[in-house]
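Shown here: work-v8.cif, mmCIF, C-alpha atoms.
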data_upload
#
loop_
_atom_site.group_PDB
_atom_site.id
_atom_site.type_symbol
_atom_site.label_atom_id
_atom_site.label_comp_id
_atom_site.auth_asym_id
_atom_site.auth_seq_id
_atom_site.Cartn_x
_atom_site.Cartn_y
_atom_site.Cartn_z
ATOM 1 C CA MET A 875 -21.619 -19.002 1.177
ATOM 2 C CA ASP A 876 -19.006 -20.522 3.480
ATOM 3 C CA ALA A 877 -16.564 -17.755 4.439
ATOM 4 C CA ASN A 878 -13.781 -20.342 4.734
ATOM 5 C CA GLN A 879 -14.134 -21.900 1.287
ATOM 6 C CA ASP A 880 -11.234 -21.650 -1.152
ATOM 7 C CA HIS A 881 -11.004 -18.592 -3.365
ATOM 8 C CA GLN A 882 -8.884 -17.723 -6.357
ATOM 9 C CA PRO A 883 -5.905 -15.448 -5.589
ATOM 10 C CA VAL A 884 -6.517 -11.774 -6.236
ATOM 11 C CA ASN A 885 -5.087 -10.484 -9.538
ATOM 12 C CA ILE A 886 -3.719 -7.109 -8.480
ATOM 13 C CA GLU A 887 -3.179 -5.856 -12.070
ATOM 14 C CA ALA A 888 -6.824 -6.626 -12.913
ATOM 15 C CA GLU A 889 -8.054 -4.907 -9.750
ATOM 16 C CA VAL A 890 -6.003 -1.768 -10.338
ATOM 17 C CA GLY A 891 -7.095 -1.610 -13.969
ATOM 18 C CA ARG A 892 -10.757 -2.062 -13.080
ATOM 19 C CA ARG A 893 -10.647 0.536 -10.323
ATOM 20 C CA LEU A 894 -8.826 3.049 -12.537
ATOM 21 C CA ARG A 895 -11.442 2.677 -15.273
ATOM 22 C CA GLN A 896 -14.212 3.021 -12.693
ATOM 23 C CA LEU A 897 -12.703 6.124 -11.084
ATOM 24 C CA ARG A 898 -12.028 7.743 -14.445
ATOM 25 C CA ALA A 899 -15.621 7.114 -15.557
ATOM 26 C CA ARG A 900 -16.948 8.507 -12.287
ATOM 27 C CA ARG A 901 -15.077 11.745 -12.961
ATOM 28 C CA GLY A 902 -16.312 11.803 -16.551
ATOM 29 C CA LEU A 903 -12.772 11.781 -17.937
ATOM 30 C CA SER A 904 -11.559 10.332 -21.204
ATOM 31 C CA LEU A 905 -8.199 8.585 -21.367
ATOM 32 C CA ARG A 906 -6.780 11.690 -23.063
ATOM 33 C CA ALA A 907 -8.168 13.973 -20.349
ATOM 34 C CA LEU A 908 -6.693 11.800 -17.583
ATOM 35 C CA ALA A 909 -3.385 11.689 -19.445
ATOM 36 C CA ASP A 910 -3.335 15.483 -19.545
ATOM 37 C CA LEU A 911 -4.195 15.715 -15.843
ATOM 38 C CA SER A 912 -1.672 13.134 -14.685
ATOM 39 C CA GLY A 913 1.142 13.742 -17.135
ATOM 40 C CA LEU A 914 1.087 10.061 -18.104
ATOM 41 C CA ASN A 915 0.998 8.647 -21.614
ATOM 42 C CA VAL A 916 -2.394 7.575 -23.030
ATOM 43 C CA ASN A 917 -0.934 4.214 -24.055
ATOM 44 C CA THR A 918 0.337 3.674 -20.493
ATOM 45 C CA LEU A 919 -3.116 4.375 -19.077
ATOM 46 C CA SER A 920 -4.704 2.014 -21.600
ATOM 47 C CA LEU A 921 -2.274 -0.782 -20.665
ATOM 48 C CA ILE A 922 -3.056 -0.303 -16.970
ATOM 49 C CA GLU A 923 -6.817 -0.299 -17.502
ATOM 50 C CA ASN A 924 -6.593 -3.461 -19.599
ATOM 51 C CA SER A 925 -4.418 -5.246 -17.002
ATOM 52 C CA LYS A 926 -1.494 -5.461 -19.433
ATOM 53 C CA THR A 927 1.005 -3.831 -17.049
ATOM 54 C CA SER A 928 1.528 -3.356 -13.324
ATOM 55 C CA PRO A 929 1.969 0.348 -12.465
ATOM 56 C CA SER A 930 4.747 1.526 -10.170
ATOM 57 C CA VAL A 931 4.101 3.387 -6.939
ATOM 58 C CA SER A 932 5.047 6.704 -8.555
ATOM 59 C CA THR A 933 2.542 6.095 -11.362
ATOM 60 C CA LEU A 934 -0.200 5.272 -8.853
ATOM 61 C CA GLN A 935 0.666 8.419 -6.906
ATOM 62 C CA GLN A 936 0.266 10.545 -10.045
ATOM 63 C CA LEU A 937 -3.091 8.928 -10.782
ATOM 64 C CA ALA A 938 -4.287 9.235 -7.183
ATOM 65 C CA ARG A 939 -3.439 12.958 -7.128
ATOM 66 C CA SER A 940 -5.157 13.523 -10.475
ATOM 67 C CA LEU A 941 -8.306 11.656 -9.407
ATOM 68 C CA GLN A 942 -8.197 13.134 -5.879
ATOM 69 C CA VAL A 943 -8.331 9.765 -4.106
ATOM 70 C CA PRO A 944 -6.001 7.916 -1.674
ATOM 71 C CA ILE A 945 -3.613 5.496 -3.377
ATOM 72 C CA THR A 946 -5.238 2.616 -1.447
ATOM 73 C CA THR A 947 -8.394 3.160 -3.527
ATOM 74 C CA PHE A 948 -6.731 1.260 -6.390
ATOM 75 C CA PHE A 949 -6.565 -1.900 -4.261
ATOM 76 C CA GLU A 950 -10.199 -1.849 -3.158
ATOM 77 C CA SER A 951 -12.438 -4.567 -4.587
ATOM 78 C CA ASP A 952 -15.698 -2.789 -3.794
ATOM 79 C CA PRO A 953 -16.307 0.962 -4.153
ATOM 80 C CA SER A 954 -18.731 0.827 -1.212
ATOM 81 C CA PRO A 955 -17.057 1.032 2.216
ATOM 82 C CA ARG A 956 -17.998 -1.740 4.675
ATOM 83 C CA PRO A 957 -18.244 -1.689 8.487
ATOM 84 C CA VAL A 958 -16.771 -5.216 8.758
ATOM 85 C CA VAL A 959 -14.056 -6.692 6.536
ATOM 86 C CA PHE A 960 -13.024 -10.370 6.557
ATOM 87 C CA THR A 961 -10.057 -11.284 4.358
ATOM 88 C CA PRO A 962 -9.241 -15.009 3.935
ATOM 89 C CA ALA A 963 -5.514 -15.748 3.810
ATOM 90 C CA ASN A 964 -5.629 -16.691 0.121
ATOM 91 C CA GLN A 965 -7.640 -13.605 -0.831
ATOM 92 C CA ARG A 966 -5.242 -10.894 0.274
ATOM 93 C CA PRO A 967 -4.631 -8.338 -2.504
ATOM 94 C CA VAL A 968 -0.893 -8.392 -3.225
ATOM 95 C CA ALA A 969 1.033 -5.430 -4.597
ATOM 96 C CA GLN A 970 4.712 -5.604 -5.585
ATOM 97 C CA PHE A 971 6.663 -2.358 -5.154
ATOM 98 C CA GLY A 972 10.216 -2.991 -6.338
ATOM 99 C CA ASN A 973 11.547 -5.662 -3.961
ATOM 100 C CA THR A 974 8.801 -4.989 -1.425
ATOM 101 C CA ARG A 975 5.614 -7.066 -1.354
ATOM 102 C CA MET A 976 2.542 -5.697 0.435
ATOM 103 C CA GLN A 977 -0.701 -7.497 1.316
ATOM 104 C CA ASN A 978 -3.699 -5.359 2.274
ATOM 105 C CA LEU A 979 -5.594 -6.868 5.221
ATOM 106 C CA ALA A 980 -8.441 -4.373 5.547
ATOM 107 C CA ARG A 981 -9.333 -3.019 2.121
ATOM 108 C CA ASP A 982 -12.749 -1.363 1.796
ATOM 109 C CA LEU A 983 -13.041 -0.740 5.534
ATOM 110 C CA SER A 984 -15.304 2.247 6.047
ATOM 111 C CA ASN A 985 -13.645 5.520 7.034
ATOM 112 C CA GLY A 986 -10.206 4.126 6.175
ATOM 113 C CA SER A 987 -8.782 5.415 9.438
ATOM 114 C CA LEU A 988 -7.227 1.984 10.103
ATOM 115 C CA GLN A 989 -4.866 0.624 7.456
ATOM 116 C CA SER A 990 -3.210 -2.776 7.981
ATOM 117 C CA PHE A 991 -0.734 -4.634 5.783
ATOM 118 C CA VAL A 992 1.643 -7.599 5.792
ATOM 119 C CA VAL A 993 4.914 -6.285 4.352
ATOM 120 C CA ALA A 994 7.685 -8.527 2.984
ATOM 121 C CA LEU A 995 11.141 -7.033 2.437
ATOM 122 C CA GLN A 996 14.111 -8.576 0.650
ATOM 123 C CA PRO A 997 17.604 -8.285 2.236
ATOM 124 C CA GLU A 998 18.943 -4.707 2.378
ATOM 125 C CA GLU A 999 15.580 -3.291 1.274
ATOM 126 C CA THR A 1000 14.918 0.090 2.924
ATOM 127 C CA SER A 1001 12.315 2.822 3.039
ATOM 128 C CA GLY A 1002 14.815 5.205 1.431
ATOM 129 C CA GLU A 1003 17.114 7.983 2.575
ATOM 130 C CA THR A 1004 14.320 10.387 3.549
ATOM 131 C CA LEU A 1005 12.812 9.878 7.004
ATOM 132 C CA ILE A 1006 9.043 9.313 7.066
ATOM 133 C CA VAL A 1007 6.734 11.641 9.003
ATOM 134 C CA HIS A 1008 2.938 11.574 9.106
ATOM 135 C CA THR A 1009 0.021 12.073 11.486
ATOM 136 C CA GLY A 1010 -1.517 9.571 13.878
ATOM 137 C CA HIS A 1011 0.071 6.378 15.157
ATOM 138 C CA GLU A 1012 1.985 3.424 13.716
ATOM 139 C CA PHE A 1013 2.238 -0.172 14.922
ATOM 140 C CA VAL A 1014 4.749 -2.790 13.760
ATOM 141 C CA PHE A 1015 4.728 -6.506 14.666
ATOM 142 C CA GLY A 1016 7.513 -8.842 13.520
ATOM 143 C CA LEU A 1017 6.465 -12.013 11.676
ATOM 144 C CA ALA A 1018 9.664 -13.420 10.137
ATOM 145 C CA GLY A 1019 13.299 -12.438 9.702
ATOM 146 C CA SER A 1020 14.602 -9.184 11.131
ATOM 147 C CA VAL A 1021 13.834 -5.569 10.322
ATOM 148 C CA GLN A 1022 15.412 -2.465 11.832
ATOM 149 C CA TYR A 1023 13.019 0.375 12.604
ATOM 150 C CA GLN A 1024 14.530 3.744 13.413
ATOM 151 C CA VAL A 1025 12.234 6.119 15.308
ATOM 152 C CA ALA A 1026 13.672 9.554 16.101
ATOM 153 C CA GLU A 1027 17.158 8.829 17.469
ATOM 154 C CA GLU A 1028 16.547 5.204 18.497
ATOM 155 C CA THR A 1029 16.876 2.032 16.392
ATOM 156 C CA TYR A 1030 14.824 -1.056 17.230
ATOM 157 C CA THR A 1031 15.513 -4.535 15.857
ATOM 158 C CA ILE A 1032 12.186 -6.281 15.313
ATOM 159 C CA GLY A 1033 12.118 -10.066 15.062
ATOM 160 C CA PRO A 1034 9.210 -12.532 15.150
ATOM 161 C CA GLY A 1035 6.877 -11.606 17.996
ATOM 162 C CA ASP A 1036 8.447 -8.204 18.689
ATOM 163 C CA ALA A 1037 6.143 -5.181 18.645
ATOM 164 C CA LEU A 1038 6.715 -1.460 18.222
ATOM 165 C CA ALA A 1039 4.142 1.324 18.539
ATOM 166 C CA PHE A 1040 4.845 5.043 18.238
ATOM 167 C CA GLU A 1041 3.485 8.465 17.400
ATOM 168 C CA ALA A 1042 3.997 8.783 13.669
ATOM 169 C CA HIS A 1043 5.032 12.446 13.743
ATOM 170 C CA LEU A 1044 8.398 11.151 14.971
ATOM 171 C CA PRO A 1045 10.762 10.742 11.972
ATOM 172 C CA HIS A 1046 11.134 7.044 11.152
ATOM 173 C CA CYS A 1047 12.424 4.588 8.566
ATOM 174 C CA TRP A 1048 12.984 0.843 8.145
ATOM 175 C CA LYS A 1049 15.500 -1.639 6.712
ATOM 176 C CA ASN A 1050 15.797 -5.405 6.341
ATOM 177 C CA ASP A 1051 19.198 -5.979 7.952
ATOM 178 C CA GLY A 1052 19.055 -9.783 7.765
ATOM 179 C CA ALA A 1053 20.225 -12.340 5.202
ATOM 180 C CA GLY A 1054 16.702 -13.477 4.254
ATOM 181 C CA GLU A 1055 13.264 -12.080 3.634
ATOM 182 C CA ALA A 1056 11.722 -10.141 6.529
ATOM 183 C CA GLN A 1057 7.978 -9.933 7.118
ATOM 184 C CA PHE A 1058 6.091 -7.684 9.491
ATOM 185 C CA LEU A 1059 2.578 -6.485 10.194
ATOM 186 C CA LEU A 1060 2.235 -2.739 9.595
ATOM 187 C CA ILE A 1061 -0.775 -0.863 10.969
ATOM 188 C CA LEU A 1062 -1.236 2.822 10.167
ATOM 189 C CA GLN A 1063 -3.806 5.013 11.887
ATOM 190 C CA PRO A 1064 -3.504 8.525 10.442
ATOM 191 C CA ALA A 1065 -5.277 11.409 12.125
ATOM 192 C CA ASP A 1066 -5.946 12.911 8.694
ATOM 193 C CA GLN A 1067 -6.608 10.737 5.613
ATOM 194 C CA ARG A 1068 -5.186 13.454 3.366
ATOM 195 C CA ASP A 1069 -1.827 12.786 4.985
ATOM 196 C CA ALA A 1070 -1.487 9.583 2.851
ATOM 197 C CA PRO A 1071 0.936 7.668 5.127
ATOM 198 C CA LEU A 1072 1.029 4.608 2.860
ATOM 199 C CA GLU A 1073 2.543 6.575 -0.007
ATOM 200 C CA ARG A 1074 5.162 8.005 2.343
ATOM 201 C CA HIS A 1075 6.239 4.494 3.326
ATOM 202 C CA PHE A 1076 6.512 2.989 -0.141
ATOM 203 C CA GLN A 1077 7.394 5.852 -2.473
ATOM 204 C CA HIS A 1078 11.100 5.017 -2.164
ATOM 205 C CA THR A 1079 10.849 1.306 -2.973
ATOM 206 C CA ILE A 1080 10.975 1.724 -6.759
ATOM 207 C CA HIS A 1081 14.078 0.358 -8.464
#
Encoded form (structure tokens):
Amino acid sequence: MDANQDHQPVNIEAEVGRRLRQLRARRGLSLRALADLSGLNVNTLSLIENSKTSPSVSTLQQLARSLQVPITTFFESDPSPRPVVFTPANQRPVAQFGNTRMQNLARDLSNGSLQSFVVALQPEETSGETLIVHTGHEFVFGLAGSVQYQVAEETYTIGPGDALAFEAHLPHCWKNDGAGEAQFLLILQPADQRDAPLERHFQHTIH
């Protein structure tokens, strides 16, 4: 098969629903049992599994904790990790968290120690009032618009072509301070997968 041929866009609701059903079955849990574990309604779980609704970040966090998996597991197309991942531009899995849009560039990569995303923020969108702290390193590369990244006591304005790399134990946060949409490449490399840096970045984007 030609790796460059056209593909249909990824349906993120269908992927999340399929992965949830798969993970639940792997644990041998009924919908009722998962509802009891997660504190979510059975009807809500059924809607998610049948691709009738798109779950919020907080809902995915509850499910991830209950199933003992990273939240990124819900956006993986293949349960088997791969040593090489090629993602055509029109095949990026897209997740919408409030006014923040995230495209996963390296889903299913074995080990999961490298996590890369294209993030799109609407004007005034922020990571929330709580500063983010996690293990490992973080890399940001501006693609469009302007985003302010505060790391420790310094604030950096990142425009197209600007790059920022730092040790992620330093408290940090971000904000789109421009009049239009801002896009940037976000690469996370946690030292410990249990640290769940992705959740820390997007848990405050629910409106």
How many Å lie between atom CA of Ser940 of chain A and atom CA of Arg906 of chain A, rounded to one decimal?
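Atom CA of Ser940 of chain A sits 12.8 Å away from atom CA of Arg906 of chain A.
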Interatomic distance (Å, one decimal) between atom CA of Tyr1023 of chain A and atom CA of Ala963 of chain A:
26.1 Å
I'd like to know which of A:Leu1005, A:Leu911, A:Ile1061, A:Ile1032 is closest to Leu1044 of chain A, using all atoms listed in the file.
A:Leu1005
Shortest interatomic distance to Gln1022 of chain A - which of A:Phe1058, A:Phe991, A:Trp1048, A:Phe960, counting only C-alpha atoms
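Among the listed residues, the smallest separation from Gln1022 of chain A belongs to A:Trp1048.
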For the file shown, report as a short mmCIF file (atom, residue, chain, number, x, y, z; two decimals) with C-alpha atoms, in the frame of the given file the outcome of the PyMOL selection byres ((chain A and resi 999-1004) around 6) at residue level.
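Wrote result-v4.cif, looks like this:
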data_model
loop_
_atom_site.label_atom_id
_atom_site.label_comp_id
_atom_site.auth_asym_id
_atom_site.auth_seq_id
_atom_site.Cartn_x
_atom_site.Cartn_y
_atom_site.Cartn_z
CA LEU A 995 11.14 -7.03 2.44
CA GLN A 996 14.11 -8.58 0.65
CA PRO A 997 17.60 -8.28 2.24
CA GLU A 998 18.94 -4.71 2.38
CA LEU A 1005 12.81 9.88 7.00
CA CYS A 1047 12.42 4.59 8.57
CA TRP A 1048 12.98 0.84 8.14
CA LYS A 1049 15.50 -1.64 6.71
CA ASN A 1050 15.80 -5.40 6.34
CA HIS A 1078 11.10 5.02 -2.16
#
To test your reading of the syntax: which residues would the PyMOL selection byres ((chain A and resi 1010) around 7) return for the file shown? Reply as a VMD selection string.
chain A and resid 1008 to 1009 1011 1041 to 1042 1063 to 1065
Any idea what's packed within 6 Å of Gly891 of chain A, counting only C-alpha atoms, ignoring anything in its chain fewer than 4 positions away? Could you give it as a ChimeraX atom specification?
/A:922-925
Here atom CA of Val1007 of chain A and atom CA of Met976 of chain A stand apart by 19.8 Å
Have a look at A:Thr1029, A:Gln936, A:Ser920, A:Gln1024 and name the one nearest to Arg895 of chain A; count all atoms listed in the file.
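With all atoms listed in the file as the atom set, the closest residue is A:Ser920.
Once the PyMOL selection byres ((chain A and resi 929) around 10) is applied to the depicted file, the selected set reads Glu887, Val890, Gly891, Thr918, Leu919, Leu921, Ile922, Ser925, Lys926, Thr927, Ser928, Ser930, Val931, Ser932, Thr933, Leu934, Gln935, Ala969, Gln970 and Phe971 of chain A.
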Edge lengths and centre, in Å to one decimal, as JSON: that's what I need for the box along x, y and z that holds all listed atoms of segment 1040-1053 of chain A plus 8 Å on each side.
{"center_x": 11.9, "center_y": 0.1, "center_z": 11.7, "size_x": 32.7, "size_y": 40.8, "size_z": 29.0}
Excluding Leu979 of chain A and residues on its chain fewer than 4 positions from it, collect all residues at most 8 Å away from it, counting all atoms listed in the file, and give them as a list in words.
Thr961, Arg966, Pro967, Gln989, Ser990, Phe991 and Val992 of chain A
Excluding Val968 of chain A and any residue of its chain fewer than 4 positions from it, enumerate the residues within 7 Å of it, using only C-alpha atoms, and give them as a PyMOL selection string.
chain A and resi 886+975-978
Using the incomplete input, complete segment 982-1015 of chain A to the level of N, CA and C atoms; output as a short mmCIF file (atom, residue, chain, number, x, y, z; two decimals), keeping the file's coordinate frame.
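Wrote it out as result28.cif, contents follow:
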data_model
loop_
_atom_site.label_atom_id
_atom_site.label_comp_id
_atom_site.auth_asym_id
_atom_site.auth_seq_id
_atom_site.Cartn_x
_atom_site.Cartn_y
_atom_site.Cartn_z
N ASP A 982 -11.33 -1.71 1.81
CA ASP A 982 -12.75 -1.36 1.80
C ASP A 982 -13.33 -1.07 3.17
N LEU A 983 -12.51 -1.05 4.21
CA LEU A 983 -13.04 -0.74 5.53
C LEU A 983 -13.53 0.70 5.55
N SER A 984 -14.73 0.91 6.04
CA SER A 984 -15.30 2.25 6.05
C SER A 984 -14.44 3.21 6.85
N ASN A 985 -14.42 4.44 6.42
CA ASN A 985 -13.64 5.52 7.03
C ASN A 985 -12.19 5.47 6.60
N GLY A 986 -11.60 4.27 6.58
CA GLY A 986 -10.21 4.13 6.18
C GLY A 986 -9.21 4.64 7.19
N SER A 987 -9.68 4.88 8.42
CA SER A 987 -8.78 5.42 9.44
C SER A 987 -7.83 4.36 9.96
N LEU A 988 -8.12 3.07 9.69
CA LEU A 988 -7.23 1.98 10.10
C LEU A 988 -6.75 1.27 8.85
N GLN A 989 -5.45 1.26 8.63
CA GLN A 989 -4.87 0.62 7.46
C GLN A 989 -3.88 -0.44 7.92
N SER A 990 -4.07 -1.69 7.51
CA SER A 990 -3.21 -2.78 7.98
C SER A 990 -2.69 -3.60 6.81
N PHE A 991 -1.40 -3.95 6.88
CA PHE A 991 -0.73 -4.63 5.78
C PHE A 991 0.28 -5.65 6.33
N VAL A 992 0.49 -6.72 5.57
CA VAL A 992 1.64 -7.60 5.79
C VAL A 992 2.69 -7.19 4.76
N VAL A 993 3.85 -6.78 5.23
CA VAL A 993 4.91 -6.28 4.35
C VAL A 993 6.06 -7.30 4.34
N ALA A 994 6.54 -7.62 3.14
CA ALA A 994 7.68 -8.53 2.98
C ALA A 994 8.82 -7.77 2.30
N LEU A 995 9.98 -7.76 2.95
CA LEU A 995 11.14 -7.03 2.44
C LEU A 995 12.26 -8.01 2.11
N GLN A 996 12.93 -7.80 0.99
CA GLN A 996 14.11 -8.58 0.65
C GLN A 996 15.32 -8.00 1.39
N PRO A 997 16.41 -8.77 1.52
CA PRO A 997 17.60 -8.28 2.24
C PRO A 997 18.09 -6.93 1.72
N GLU A 998 18.44 -6.05 2.65
CA GLU A 998 18.94 -4.71 2.38
C GLU A 998 17.88 -3.75 1.86
N GLU A 999 16.64 -4.20 1.72
CA GLU A 999 15.58 -3.29 1.27
C GLU A 999 15.30 -2.26 2.37
N THR A 1000 15.14 -1.00 1.96
CA THR A 1000 14.92 0.09 2.92
C THR A 1000 13.74 0.96 2.49
N SER A 1001 13.36 1.86 3.38
CA SER A 1001 12.32 2.82 3.04
C SER A 1001 12.88 4.05 2.34
N GLY A 1002 14.19 4.09 2.13
CA GLY A 1002 14.82 5.20 1.43
C GLY A 1002 15.59 6.11 2.36
N GLU A 1003 16.25 7.10 1.79
CA GLU A 1003 17.11 7.98 2.58
C GLU A 1003 16.33 9.04 3.35
N THR A 1004 15.12 9.36 2.89
CA THR A 1004 14.32 10.39 3.55
C THR A 1004 13.50 9.79 4.68
N LEU A 1005 13.59 10.36 5.87
CA LEU A 1005 12.81 9.88 7.00
C LEU A 1005 11.33 10.15 6.78
N ILE A 1006 10.49 9.24 7.26
CA ILE A 1006 9.04 9.31 7.07
C ILE A 1006 8.41 10.03 8.25
N VAL A 1007 7.48 10.93 7.96
CA VAL A 1007 6.73 11.64 9.00
C VAL A 1007 5.28 11.74 8.55
N HIS A 1008 4.35 11.40 9.42
CA HIS A 1008 2.94 11.57 9.11
C HIS A 1008 2.14 11.68 10.40
N THR A 1009 0.85 11.89 10.29
CA THR A 1009 0.02 12.07 11.49
C THR A 1009 -0.40 10.73 12.07
N GLY A 1010 -0.95 10.77 13.27
CA GLY A 1010 -1.52 9.57 13.88
C GLY A 1010 -0.49 8.67 14.53
N HIS A 1011 -0.78 7.36 14.51
CA HIS A 1011 0.07 6.38 15.16
C HIS A 1011 0.44 5.26 14.19
N GLU A 1012 1.50 4.54 14.53
CA GLU A 1012 1.98 3.42 13.72
C GLU A 1012 2.32 2.25 14.63
N PHE A 1013 1.98 1.04 14.15
CA PHE A 1013 2.24 -0.17 14.92
C PHE A 1013 2.92 -1.19 14.01
N VAL A 1014 3.99 -1.81 14.52
CA VAL A 1014 4.75 -2.79 13.76
C VAL A 1014 4.87 -4.06 14.59
N PHE A 1015 4.62 -5.23 13.97
CA PHE A 1015 4.73 -6.51 14.67
C PHE A 1015 5.52 -7.47 13.79
#
